[in-house]
Amino acid sequence: MPERPAEIQPPRAIERLHERLARGLYSLAWLLATPLALVYLAWRARRQPAYLERIGERLGFHPRRDDEAPLIWVHAVSVGETRAAQPLVRALLERYPGHRLLLTHMTPTGLETGRELFGAFMAPTAGTSDATSRVAQALLPWDQPFAIRRFLRAWRPALGIVVETELWPNLVAVSRAAGVPLALVNARLSERSLRKGSRWRWLMRPALAGLAGVFAQTEADAGRIRELGRTDVRVFGNMKFDVAPAQKLEVLGHVWRLGLLAAGGDLAHRPVVLAASTRDGEEALILDAWQAWRARQASDDDPSVVRPRAAMRWPPLLAIVPRHPQRFDEVGREIASRGLRMVRRSSWGGAEPPEADRGAEVVLGDSMGEMFAYYALADVAIVGGSLLPFGGQNLIEACAAGVPVVVGPHTFNFEAAAEQAIAENAALRAPHAAAALREALEIVADPLRRQSLGEHALAFAARHRGATARTVAALAPLISGERER
């Protein structure tokens, strides 16, 4: 059970001599690696040109803000963390109307997601700031002391909030020296990350000790963080449960359903199997399993083939939404190479899918920021990142949309949420891609079972809300000296 917030008592963070030497060597390594980091950005820019933008910010060259409003700084490294921060950012803006908020990221997709979620609070032009906007965005500098100092001088934050997993030794040390408290919220740490952190204990122990507060998602996460040396970790739950589907995206998904799934005069329902947030290599596994099932389906006397238990159009529509936009074209080629009739979401623009797309076998979800629309389109979701050892993507969003979930064997990034969802009959686990597809087909073939699983998913998401409110209450003493309410 998540604990009630109590007043934060940050520990004294004194670096021992060997830890200070370790951080000095770490800083030297960063300095020597900077040319390689720039080459890496150029390499990433082959697929995402935005990696070559705002390079100065990665070295701490930020324009100084010209207002005196107190500033709360939230760091969310990329897409997943930015979405997880959504309820926190909105709660802070509501509770502190006189404050501004800075949202920092490490990737262009993080920047894009932040503007998509909070654009109404930002200056009209990306990359600019003005005194009337509530939210500004920037790239967090690389973890070099001189760059962090320039960043802090330019923005003058009153408080820094790091979401989930980003713990940089110099960021913590320099912020503490500058009098800027840092809190780690919605913290998670897998067994794999614990082993990695243990190898760098001389850097991790003082970094954790230098934080003004550490608020973990689960008791298991808190236990692993304690093993790295921070004892006063508090468990508030997962803020991702507080992310609600945007109504406009739900409407958009239903528009897609009307455009894609109606056929002829009978208007029989055609179910949709969604492969959501897939990672490199997983699409091929799903497509292989899909084509093998379709080949067996041609045999009328094969009892092992999943067939519908009610009147519906069959086979279902397969929708694939890759996690990373730079892979959209690659996945499109993977689908086309198998001779499957594919339509791309990007071809619709803001309109309803044309009637000609109703005969598609596969929809490629090549858009950003529309995951809740894809869930509104879907009858079942196979959550990506779990079929191969990537650790799994966010299954909570699918549950919040009332969509039955199937996960693979690899969910260590969402260990507690996945196990809870399975225990509460909101999700099913499959040992590999072919079994995951079979589970998904069994669900859509049985409307009553699909409805039951969807209701359990909604109930599961509702039961675990509240982490954001606990987090905001715990942060209150660090914001302008306010006491917790």
# chains A, B, ... in the order shown; residues from 1 in each chain; ligands from 1
>>> closest_atom_pairs(of="segment 348-395 of chain A", to="segment 279-286 of chain A", cutoff="10 Å", atoms="only C-alpha atoms", output="JSON lines")
{"residue": "A:Ile382", "atom": "CA", "partner": "A:Ile286", "partner_atom": "CA", "distance": 9.6}
{"residue": "A:Val383", "atom": "CA", "partner": "A:Arg279", "partner_atom": "CA", "distance": 10.0}
{"residue": "A:Gly384", "atom": "CA", "partner": "A:Arg279", "partner_atom": "CA", "distance": 6.3}
{"residue": "A:Gly385", "atom": "CA", "partner": "A:Arg279", "partner_atom": "CA", "distance": 5.5}
{"residue": "A:Ser386", "atom": "CA", "partner": "A:Arg279", "partner_atom": "CA", "distance": 8.8}
{"residue": "A:Leu387", "atom": "CA", "partner": "A:Glu282", "partner_atom": "CA", "distance": 6.5}
{"residue": "A:Leu388", "atom": "CA", "partner": "A:Glu282", "partner_atom": "CA", "distance": 6.8}
{"residue": "A:Pro389", "atom": "CA", "partner": "A:Arg279", "partner_atom": "CA", "distance": 9.8}
{"residue": "A:Phe390", "atom": "CA", "partner": "A:Arg279", "partner_atom": "CA", "distance": 7.8}
{"residue": "A:Gly392", "atom": "CA", "partner": "A:Arg279", "partner_atom": "CA", "distance": 9.2}
{"residue": "A:Gln393", "atom": "CA", "partner": "A:Arg279", "partner_atom": "CA", "distance": 9.2}
>>> residues_around(residues="segment 318-326 of chain A", least_positions_apart="2", cutoff="9 Å", atoms="only C-alpha atoms", output="VMD selection string")
chain A and resid 47 to 48 109 271 to 280 283 290 316 328 to 331 360 to 368 371 374 378 384 to 385 393
>>> select_by_dssp(residues="segment 149-290 of chain A", states="alpha helix (DSSP H)", output="short mmCIF file (atom, residue, chain, number, x, y, z; two decimals) with N, CA and C atoms, in the first residue's frame")
data_model
loop_
_atom_site.label_atom_id
_atom_site.label_comp_id
_atom_site.auth_asym_id
_atom_site.auth_seq_id
_atom_site.Cartn_x
_atom_site.Cartn_y
_atom_site.Cartn_z
N ARG A 149 26.57 23.63 -14.91
CA ARG A 149 26.60 24.97 -14.28
C ARG A 149 26.01 26.02 -15.20
N ARG A 150 26.36 25.99 -16.50
CA ARG A 150 25.80 26.98 -17.44
C ARG A 150 24.30 26.83 -17.53
N PHE A 151 23.81 25.60 -17.57
CA PHE A 151 22.37 25.33 -17.63
C PHE A 151 21.67 25.92 -16.42
N LEU A 152 22.21 25.70 -15.22
CA LEU A 152 21.57 26.20 -14.01
C LEU A 152 21.60 27.72 -13.94
N ARG A 153 22.70 28.32 -14.39
CA ARG A 153 22.77 29.79 -14.40
C ARG A 153 21.75 30.38 -15.36
N ALA A 154 21.53 29.72 -16.49
CA ALA A 154 20.60 30.25 -17.49
C ALA A 154 19.14 30.16 -17.03
N TRP A 155 18.78 29.06 -16.38
CA TRP A 155 17.36 28.83 -16.06
C TRP A 155 17.01 29.15 -14.62
N PRO A 169 25.57 11.51 -12.10
CA PRO A 169 26.36 11.94 -10.94
C PRO A 169 26.67 13.43 -10.90
N ASN A 170 27.13 14.01 -12.02
CA ASN A 170 27.46 15.43 -12.00
C ASN A 170 26.22 16.31 -11.91
N LEU A 171 25.13 15.87 -12.52
CA LEU A 171 23.89 16.64 -12.42
C LEU A 171 23.48 16.80 -10.96
N VAL A 172 23.58 15.72 -10.19
CA VAL A 172 23.20 15.77 -8.77
C VAL A 172 24.20 16.62 -8.00
N ALA A 173 25.49 16.37 -8.19
CA ALA A 173 26.51 17.07 -7.41
C ALA A 173 26.51 18.58 -7.69
N VAL A 174 26.45 18.96 -8.95
CA VAL A 174 26.49 20.39 -9.31
C VAL A 174 25.20 21.08 -8.86
N SER A 175 24.05 20.42 -9.02
CA SER A 175 22.79 21.02 -8.57
C SER A 175 22.81 21.24 -7.07
N ARG A 176 23.29 20.25 -6.34
CA ARG A 176 23.36 20.40 -4.88
C ARG A 176 24.28 21.54 -4.49
N ALA A 177 25.43 21.64 -5.14
CA ALA A 177 26.37 22.72 -4.84
C ALA A 177 25.76 24.09 -5.15
N GLU A 191 16.15 -5.43 -11.84
CA GLU A 191 17.29 -6.23 -11.38
C GLU A 191 18.50 -6.00 -12.29
N ARG A 192 18.24 -5.89 -13.58
CA ARG A 192 19.34 -5.65 -14.53
C ARG A 192 20.01 -4.31 -14.23
N SER A 193 19.22 -3.26 -13.98
CA SER A 193 19.78 -1.95 -13.67
C SER A 193 20.49 -1.95 -12.33
N LEU A 194 19.98 -2.74 -11.38
CA LEU A 194 20.65 -2.85 -10.08
C LEU A 194 22.05 -3.43 -10.26
N ARG A 195 22.16 -4.49 -11.06
CA ARG A 195 23.48 -5.09 -11.28
C ARG A 195 24.43 -4.08 -11.93
N LYS A 196 23.90 -3.32 -12.87
CA LYS A 196 24.73 -2.30 -13.53
C LYS A 196 25.13 -1.21 -12.55
N GLY A 197 24.16 -0.76 -11.74
CA GLY A 197 24.45 0.28 -10.76
C GLY A 197 25.45 -0.17 -9.70
N SER A 198 25.39 -1.46 -9.34
CA SER A 198 26.32 -1.99 -8.33
C SER A 198 27.76 -1.93 -8.82
N ARG A 199 27.93 -2.09 -10.13
CA ARG A 199 29.30 -2.02 -10.68
C ARG A 199 29.85 -0.60 -10.62
N ARG A 201 29.08 1.62 -8.07
CA ARG A 201 28.61 2.05 -6.75
C ARG A 201 29.30 3.33 -6.28
N TRP A 202 30.56 3.53 -6.60
CA TRP A 202 31.27 4.73 -6.16
C TRP A 202 30.65 6.00 -6.76
N LEU A 203 29.98 5.87 -7.89
CA LEU A 203 29.28 7.01 -8.47
C LEU A 203 27.81 7.07 -8.03
N MET A 204 27.19 5.90 -7.90
CA MET A 204 25.76 5.87 -7.61
C MET A 204 25.42 6.21 -6.16
N ARG A 205 26.26 5.77 -5.21
CA ARG A 205 25.93 6.03 -3.81
C ARG A 205 25.86 7.53 -3.51
N PRO A 206 26.89 8.32 -3.85
CA PRO A 206 26.78 9.75 -3.57
C PRO A 206 25.70 10.44 -4.41
N ALA A 207 25.44 9.95 -5.62
CA ALA A 207 24.38 10.56 -6.43
C ALA A 207 23.02 10.36 -5.76
N LEU A 208 22.76 9.15 -5.29
CA LEU A 208 21.50 8.89 -4.59
C LEU A 208 21.42 9.67 -3.28
N ALA A 209 22.55 9.75 -2.56
CA ALA A 209 22.56 10.47 -1.29
C ALA A 209 22.35 11.97 -1.49
N GLU A 219 7.44 -1.31 -3.82
CA GLU A 219 8.35 -1.69 -2.75
C GLU A 219 9.56 -2.45 -3.30
N ALA A 220 9.36 -3.21 -4.38
CA ALA A 220 10.50 -3.91 -5.00
C ALA A 220 11.50 -2.91 -5.57
N ASP A 221 11.02 -1.85 -6.23
CA ASP A 221 11.93 -0.81 -6.73
C ASP A 221 12.66 -0.15 -5.57
N ALA A 222 11.91 0.16 -4.50
CA ALA A 222 12.53 0.80 -3.34
C ALA A 222 13.61 -0.08 -2.73
N GLY A 223 13.35 -1.38 -2.65
CA GLY A 223 14.34 -2.29 -2.09
C GLY A 223 15.63 -2.31 -2.90
N ARG A 224 15.50 -2.29 -4.22
CA ARG A 224 16.70 -2.30 -5.06
C ARG A 224 17.47 -0.98 -4.93
N ILE A 225 16.74 0.13 -4.81
CA ILE A 225 17.42 1.42 -4.63
C ILE A 225 18.14 1.44 -3.28
N ARG A 226 17.53 0.86 -2.26
CA ARG A 226 18.19 0.79 -0.95
C ARG A 226 19.48 -0.02 -1.02
N GLU A 227 19.50 -1.03 -1.85
CA GLU A 227 20.72 -1.82 -2.01
C GLU A 227 21.87 -1.00 -2.56
N GLN A 247 -9.81 12.74 -24.74
CA GLN A 247 -11.08 12.50 -25.43
C GLN A 247 -10.94 12.64 -26.94
N LYS A 248 -10.14 13.61 -27.39
CA LYS A 248 -10.02 13.82 -28.83
C LYS A 248 -9.36 12.62 -29.51
N LEU A 249 -8.45 11.92 -28.79
CA LEU A 249 -7.82 10.74 -29.37
C LEU A 249 -8.77 9.56 -29.37
N GLU A 250 -9.59 9.44 -28.34
CA GLU A 250 -10.60 8.38 -28.34
C GLU A 250 -11.57 8.57 -29.51
N VAL A 251 -11.99 9.81 -29.74
CA VAL A 251 -12.88 10.11 -30.87
C VAL A 251 -12.20 9.78 -32.18
N LEU A 252 -10.91 10.14 -32.30
CA LEU A 252 -10.17 9.86 -33.53
C LEU A 252 -10.11 8.36 -33.79
N GLY A 253 -9.87 7.57 -32.75
CA GLY A 253 -9.83 6.13 -32.92
C GLY A 253 -11.16 5.56 -33.38
N HIS A 254 -12.25 6.11 -32.87
CA HIS A 254 -13.57 5.64 -33.30
C HIS A 254 -13.86 6.06 -34.74
N VAL A 255 -13.35 7.21 -35.15
CA VAL A 255 -13.48 7.62 -36.56
C VAL A 255 -12.75 6.62 -37.45
N TRP A 256 -11.57 6.19 -37.03
CA TRP A 256 -10.84 5.18 -37.80
C TRP A 256 -11.63 3.87 -37.88
N ARG A 257 -12.24 3.49 -36.77
CA ARG A 257 -13.03 2.24 -36.77
C ARG A 257 -14.15 2.32 -37.80
N LEU A 258 -14.85 3.46 -37.82
CA LEU A 258 -15.94 3.62 -38.77
C LEU A 258 -15.44 3.57 -40.20
N GLY A 259 -14.29 4.19 -40.44
CA GLY A 259 -13.77 4.24 -41.79
C GLY A 259 -13.18 2.93 -42.28
N LEU A 260 -12.58 2.16 -41.35
CA LEU A 260 -11.87 0.94 -41.77
C LEU A 260 -12.69 -0.33 -41.67
N LEU A 261 -13.61 -0.39 -40.72
CA LEU A 261 -14.18 -1.68 -40.36
C LEU A 261 -15.57 -1.94 -40.91
N GLU A 282 10.61 -7.36 -33.37
CA GLU A 282 9.33 -7.91 -32.93
C GLU A 282 8.30 -7.93 -34.06
N GLU A 283 8.34 -6.94 -34.93
CA GLU A 283 7.38 -6.92 -36.04
C GLU A 283 7.53 -8.16 -36.92
N ALA A 284 8.77 -8.56 -37.18
CA ALA A 284 9.00 -9.75 -38.01
C ALA A 284 8.42 -10.99 -37.33
N LEU A 285 8.58 -11.10 -36.02
CA LEU A 285 8.02 -12.25 -35.30
C LEU A 285 6.51 -12.28 -35.39
N ILE A 286 5.89 -11.12 -35.23
CA ILE A 286 4.42 -11.04 -35.29
C ILE A 286 3.93 -11.35 -36.70
N LEU A 287 4.60 -10.79 -37.70
CA LEU A 287 4.18 -11.03 -39.09
C LEU A 287 4.38 -12.49 -39.49
N ASP A 288 5.47 -13.11 -39.03
CA ASP A 288 5.68 -14.53 -39.29
C ASP A 288 4.53 -15.35 -38.71
N ALA A 289 4.18 -15.05 -37.46
CA ALA A 289 3.10 -15.79 -36.80
C ALA A 289 1.75 -15.53 -37.49
N TRP A 290 1.55 -14.29 -37.93
CA TRP A 290 0.31 -13.92 -38.62
C TRP A 290 0.16 -14.71 -39.93
#
>>> residues_around(residues="segment 422-435 of chain A", least_positions_apart="2", cutoff="8 Å", atoms="only C-alpha atoms", output="short mmCIF file (atom, residue, chain, number, x, y, z; two decimals) with all heavy atoms, in the first residue's frame")
data_model
loop_
_atom_site.label_atom_id
_atom_site.label_comp_id
_atom_site.auth_asym_id
_atom_site.auth_seq_id
_atom_site.Cartn_x
_atom_site.Cartn_y
_atom_site.Cartn_z
N GLU A 282 10.61 -7.36 -33.37
CA GLU A 282 9.33 -7.91 -32.93
C GLU A 282 8.30 -7.93 -34.06
O GLU A 282 7.47 -8.85 -34.13
CB GLU A 282 8.79 -7.13 -31.74
CG GLU A 282 9.62 -7.30 -30.49
CD GLU A 282 9.03 -6.61 -29.27
OE1 GLU A 282 8.46 -5.51 -29.43
OE2 GLU A 282 9.14 -7.16 -28.15
N LEU A 285 8.58 -11.10 -36.02
CA LEU A 285 8.02 -12.25 -35.30
C LEU A 285 6.51 -12.28 -35.39
O LEU A 285 5.90 -13.34 -35.62
CB LEU A 285 8.45 -12.19 -33.83
CG LEU A 285 9.95 -12.33 -33.54
CD1 LEU A 285 10.21 -12.16 -32.05
CD2 LEU A 285 10.47 -13.69 -34.02
N ILE A 286 5.89 -11.12 -35.23
CA ILE A 286 4.42 -11.04 -35.29
C ILE A 286 3.93 -11.35 -36.70
O ILE A 286 2.96 -12.10 -36.90
CB ILE A 286 3.95 -9.65 -34.83
CG1 ILE A 286 4.22 -9.48 -33.33
CG2 ILE A 286 2.46 -9.44 -35.13
CD1 ILE A 286 4.06 -8.07 -32.84
N ALA A 289 4.18 -15.05 -37.46
CA ALA A 289 3.10 -15.79 -36.80
C ALA A 289 1.75 -15.53 -37.49
O ALA A 289 0.93 -16.44 -37.65
CB ALA A 289 3.02 -15.39 -35.33
N TRP A 290 1.55 -14.29 -37.93
CA TRP A 290 0.31 -13.92 -38.62
C TRP A 290 0.16 -14.71 -39.93
O TRP A 290 -0.90 -15.28 -40.22
CB TRP A 290 0.31 -12.42 -38.88
CG TRP A 290 -0.93 -11.88 -39.54
CD1 TRP A 290 -1.12 -11.65 -40.86
CD2 TRP A 290 -2.14 -11.50 -38.87
NE1 TRP A 290 -2.37 -11.13 -41.08
CE2 TRP A 290 -3.03 -11.04 -39.88
CE3 TRP A 290 -2.56 -11.48 -37.55
CZ2 TRP A 290 -4.30 -10.57 -39.59
CZ3 TRP A 290 -3.83 -11.02 -37.26
CH2 TRP A 290 -4.68 -10.58 -38.27
N LEU A 387 8.19 -9.09 -26.25
CA LEU A 387 8.40 -10.34 -27.01
C LEU A 387 9.88 -10.67 -27.14
O LEU A 387 10.26 -11.83 -27.27
CB LEU A 387 7.76 -10.22 -28.39
CG LEU A 387 6.26 -9.92 -28.40
CD1 LEU A 387 5.77 -9.72 -29.83
CD2 LEU A 387 5.48 -11.02 -27.70
N CYS A 399 -4.75 -0.65 -20.60
CA CYS A 399 -5.75 -0.96 -19.57
C CYS A 399 -6.66 0.25 -19.31
O CYS A 399 -7.87 0.10 -19.16
CB CYS A 399 -5.06 -1.38 -18.28
SG CYS A 399 -4.20 -2.97 -18.40
N PRO A 404 -8.14 -5.30 -23.65
CA PRO A 404 -7.44 -6.47 -23.14
C PRO A 404 -5.99 -6.49 -23.61
O PRO A 404 -5.69 -6.10 -24.75
CB PRO A 404 -8.23 -7.64 -23.72
CG PRO A 404 -9.58 -7.10 -24.03
CD PRO A 404 -9.35 -5.67 -24.42
N VAL A 405 -5.10 -6.94 -22.74
CA VAL A 405 -3.66 -6.86 -22.99
C VAL A 405 -3.05 -8.26 -23.02
O VAL A 405 -3.38 -9.11 -22.19
CB VAL A 405 -2.97 -6.02 -21.91
CG1 VAL A 405 -1.44 -6.12 -22.02
CG2 VAL A 405 -3.41 -4.57 -22.00
N VAL A 406 -2.15 -8.47 -23.98
CA VAL A 406 -1.31 -9.67 -24.02
C VAL A 406 0.14 -9.19 -23.99
O VAL A 406 0.52 -8.30 -24.76
CB VAL A 406 -1.56 -10.52 -25.28
CG1 VAL A 406 -0.66 -11.75 -25.27
CG2 VAL A 406 -3.02 -10.93 -25.38
N VAL A 407 0.94 -9.77 -23.08
CA VAL A 407 2.37 -9.43 -23.01
C VAL A 407 3.19 -10.69 -23.23
O VAL A 407 2.71 -11.81 -23.00
CB VAL A 407 2.75 -8.78 -21.67
CG1 VAL A 407 2.04 -7.45 -21.49
CG2 VAL A 407 2.45 -9.72 -20.50
N GLY A 408 4.43 -10.48 -23.66
CA GLY A 408 5.35 -11.58 -23.81
C GLY A 408 6.09 -11.87 -22.52
O GLY A 408 5.72 -11.38 -21.45
N PRO A 409 7.19 -12.60 -22.59
CA PRO A 409 7.90 -13.01 -21.37
C PRO A 409 8.77 -11.94 -20.74
O PRO A 409 9.19 -12.08 -19.59
CB PRO A 409 8.76 -14.18 -21.85
CG PRO A 409 9.01 -13.90 -23.30
CD PRO A 409 7.75 -13.25 -23.80
N ALA A 418 2.84 -5.38 -14.63
CA ALA A 418 2.49 -6.55 -15.43
C ALA A 418 1.97 -7.68 -14.56
O ALA A 418 0.95 -8.31 -14.88
CB ALA A 418 3.71 -7.02 -16.23
N GLU A 419 2.65 -7.95 -13.45
CA GLU A 419 2.21 -9.03 -12.58
C GLU A 419 0.86 -8.72 -11.95
O GLU A 419 -0.01 -9.60 -11.81
CB GLU A 419 3.26 -9.29 -11.49
CG GLU A 419 4.58 -9.84 -12.01
CD GLU A 419 4.40 -11.15 -12.78
OE1 GLU A 419 3.52 -11.95 -12.42
OE2 GLU A 419 5.15 -11.37 -13.76
N GLN A 420 0.65 -7.47 -11.56
CA GLN A 420 -0.64 -7.08 -10.98
C GLN A 420 -1.75 -7.22 -12.02
O GLN A 420 -2.86 -7.70 -11.70
CB GLN A 420 -0.58 -5.65 -10.46
CG GLN A 420 0.25 -5.49 -9.20
CD GLN A 420 0.51 -4.03 -8.86
OE1 GLN A 420 0.35 -3.14 -9.70
NE2 GLN A 420 0.93 -3.77 -7.63
N LEU A 437 0.09 -13.98 -30.34
CA LEU A 437 -0.89 -13.77 -31.39
C LEU A 437 -2.09 -14.70 -31.22
O LEU A 437 -3.24 -14.29 -31.39
CB LEU A 437 -0.26 -13.97 -32.76
CG LEU A 437 -1.22 -13.82 -33.94
CD1 LEU A 437 -1.79 -12.40 -34.01
CD2 LEU A 437 -0.53 -14.17 -35.25
N ARG A 438 -1.83 -15.94 -30.86
CA ARG A 438 -2.94 -16.88 -30.66
C ARG A 438 -3.85 -16.40 -29.52
O ARG A 438 -5.07 -16.45 -29.65
CB ARG A 438 -2.41 -18.29 -30.37
CG ARG A 438 -3.54 -19.30 -30.21
CD ARG A 438 -3.08 -20.72 -30.01
NE ARG A 438 -4.23 -21.60 -29.85
CZ ARG A 438 -4.91 -22.12 -30.87
NH1 ARG A 438 -4.54 -21.86 -32.12
NH2 ARG A 438 -5.95 -22.91 -30.63
N GLU A 439 -3.26 -15.95 -28.41
CA GLU A 439 -4.07 -15.43 -27.31
C GLU A 439 -4.92 -14.25 -27.79
O GLU A 439 -6.11 -14.15 -27.46
CB GLU A 439 -3.17 -14.98 -26.16
CG GLU A 439 -2.52 -16.11 -25.38
CD GLU A 439 -3.47 -16.74 -24.38
OE1 GLU A 439 -4.69 -16.50 -24.44
OE2 GLU A 439 -2.98 -17.52 -23.53
N LEU A 453 -12.55 -9.14 -20.21
CA LEU A 453 -11.17 -8.73 -20.02
C LEU A 453 -11.03 -7.21 -20.08
O LEU A 453 -10.24 -6.62 -19.31
CB LEU A 453 -10.28 -9.38 -21.07
CG LEU A 453 -10.01 -10.88 -20.91
CD1 LEU A 453 -9.35 -11.44 -22.17
CD2 LEU A 453 -9.15 -11.15 -19.68
N GLY A 454 -11.77 -6.56 -20.98
CA GLY A 454 -11.72 -5.11 -21.06
C GLY A 454 -12.23 -4.44 -19.80
O GLY A 454 -11.66 -3.44 -19.33
N GLU A 455 -13.27 -4.98 -19.20
CA GLU A 455 -13.80 -4.42 -17.95
C GLU A 455 -12.80 -4.61 -16.81
O GLU A 455 -12.62 -3.72 -15.97
CB GLU A 455 -15.14 -5.09 -17.61
CG GLU A 455 -16.26 -4.68 -18.55
CD GLU A 455 -17.53 -5.50 -18.37
OE1 GLU A 455 -17.49 -6.49 -17.59
OE2 GLU A 455 -18.55 -5.17 -18.99
N HIS A 456 -12.15 -5.77 -16.78
CA HIS A 456 -11.11 -5.98 -15.77
C HIS A 456 -9.94 -5.02 -15.96
O HIS A 456 -9.35 -4.54 -14.98
CB HIS A 456 -10.62 -7.42 -15.81
CG HIS A 456 -11.50 -8.40 -15.11
ND1 HIS A 456 -12.51 -9.10 -15.75
CD2 HIS A 456 -11.57 -8.78 -13.81
CE1 HIS A 456 -13.14 -9.88 -14.88
NE2 HIS A 456 -12.59 -9.71 -13.70
N ALA A 457 -9.60 -4.73 -17.21
CA ALA A 457 -8.51 -3.79 -17.48
C ALA A 457 -8.85 -2.39 -16.97
O ALA A 457 -8.02 -1.73 -16.33
CB ALA A 457 -8.21 -3.76 -18.99
N LEU A 458 -10.06 -1.94 -17.24
CA LEU A 458 -10.49 -0.63 -16.74
C LEU A 458 -10.46 -0.57 -15.22
O LEU A 458 -10.00 0.41 -14.62
CB LEU A 458 -11.90 -0.32 -17.24
CG LEU A 458 -12.06 0.17 -18.68
CD1 LEU A 458 -13.53 0.23 -19.05
CD2 LEU A 458 -11.42 1.56 -18.84
N PHE A 460 -8.69 -2.41 -13.17
CA PHE A 460 -7.29 -2.46 -12.73
C PHE A 460 -6.66 -1.08 -12.79
O PHE A 460 -6.01 -0.63 -11.83
CB PHE A 460 -6.53 -3.45 -13.61
CG PHE A 460 -5.03 -3.32 -13.55
CD1 PHE A 460 -4.33 -3.73 -12.44
CD2 PHE A 460 -4.32 -2.78 -14.63
CE1 PHE A 460 -2.94 -3.61 -12.38
CE2 PHE A 460 -2.95 -2.66 -14.57
CZ PHE A 460 -2.25 -3.07 -13.45
#
>>> atom_distance(atom1="atom CA of Pro308 of chain A", atom2="atom CA of Arg449 of chain A")
12.0 Å
>>> decode(residues="segment 389-403 of chain A", atoms="N, CA and C atoms", output="tab-separated table (two decimals), in the first residue's frame")
chain	number	residue	atom	x	y	z
A	389	PRO	N	13.88	-9.32	-25.37
A	389	PRO	CA	14.30	-8.80	-24.06
A	389	PRO	C	14.59	-7.30	-24.02
A	390	PHE	N	13.55	-6.49	-24.29
A	390	PHE	CA	13.65	-5.04	-24.14
A	390	PHE	C	13.06	-4.57	-22.83
A	391	GLY	N	12.32	-5.42	-22.13
A	391	GLY	CA	11.76	-5.04	-20.84
A	391	GLY	C	10.31	-4.66	-20.85
A	392	GLY	N	9.72	-4.54	-22.05
A	392	GLY	CA	8.30	-4.24	-22.14
A	392	GLY	C	8.01	-2.75	-22.19
A	393	GLN	N	6.97	-2.39	-22.92
A	393	GLN	CA	6.48	-1.01	-22.96
A	393	GLN	C	5.28	-0.88	-22.02
A	394	ASN	N	4.69	0.31	-22.00
A	394	ASN	CA	3.67	0.66	-21.02
A	394	ASN	C	2.34	-0.04	-21.32
A	395	LEU	N	1.98	-1.01	-20.48
A	395	LEU	CA	0.69	-1.69	-20.65
A	395	LEU	C	-0.45	-0.97	-19.94
A	396	ILE	N	-0.11	0.00	-19.08
A	396	ILE	CA	-1.12	0.70	-18.28
A	396	ILE	C	-2.05	1.51	-19.18
A	397	GLU	N	-1.49	2.13	-20.24
A	397	GLU	CA	-2.32	2.93	-21.14
A	397	GLU	C	-3.40	2.08	-21.80
A	398	ALA	N	-3.05	0.87	-22.23
A	398	ALA	CA	-4.03	-0.01	-22.84
A	398	ALA	C	-5.14	-0.35	-21.85
A	399	CYS	N	-4.75	-0.65	-20.60
A	399	CYS	CA	-5.75	-0.96	-19.57
A	399	CYS	C	-6.66	0.25	-19.31
A	400	ALA	N	-6.08	1.46	-19.26
A	400	ALA	CA	-6.88	2.66	-19.03
A	400	ALA	C	-7.89	2.90	-20.15
A	401	ALA	N	-7.59	2.38	-21.35
A	401	ALA	CA	-8.51	2.50	-22.48
A	401	ALA	C	-9.50	1.33	-22.54
A	402	GLY	N	-9.40	0.40	-21.59
A	402	GLY	CA	-10.32	-0.73	-21.56
A	402	GLY	C	-10.03	-1.78	-22.61
A	403	VAL	N	-8.77	-1.91	-23.01
A	403	VAL	CA	-8.38	-2.87	-24.04
A	403	VAL	C	-7.70	-4.07	-23.39
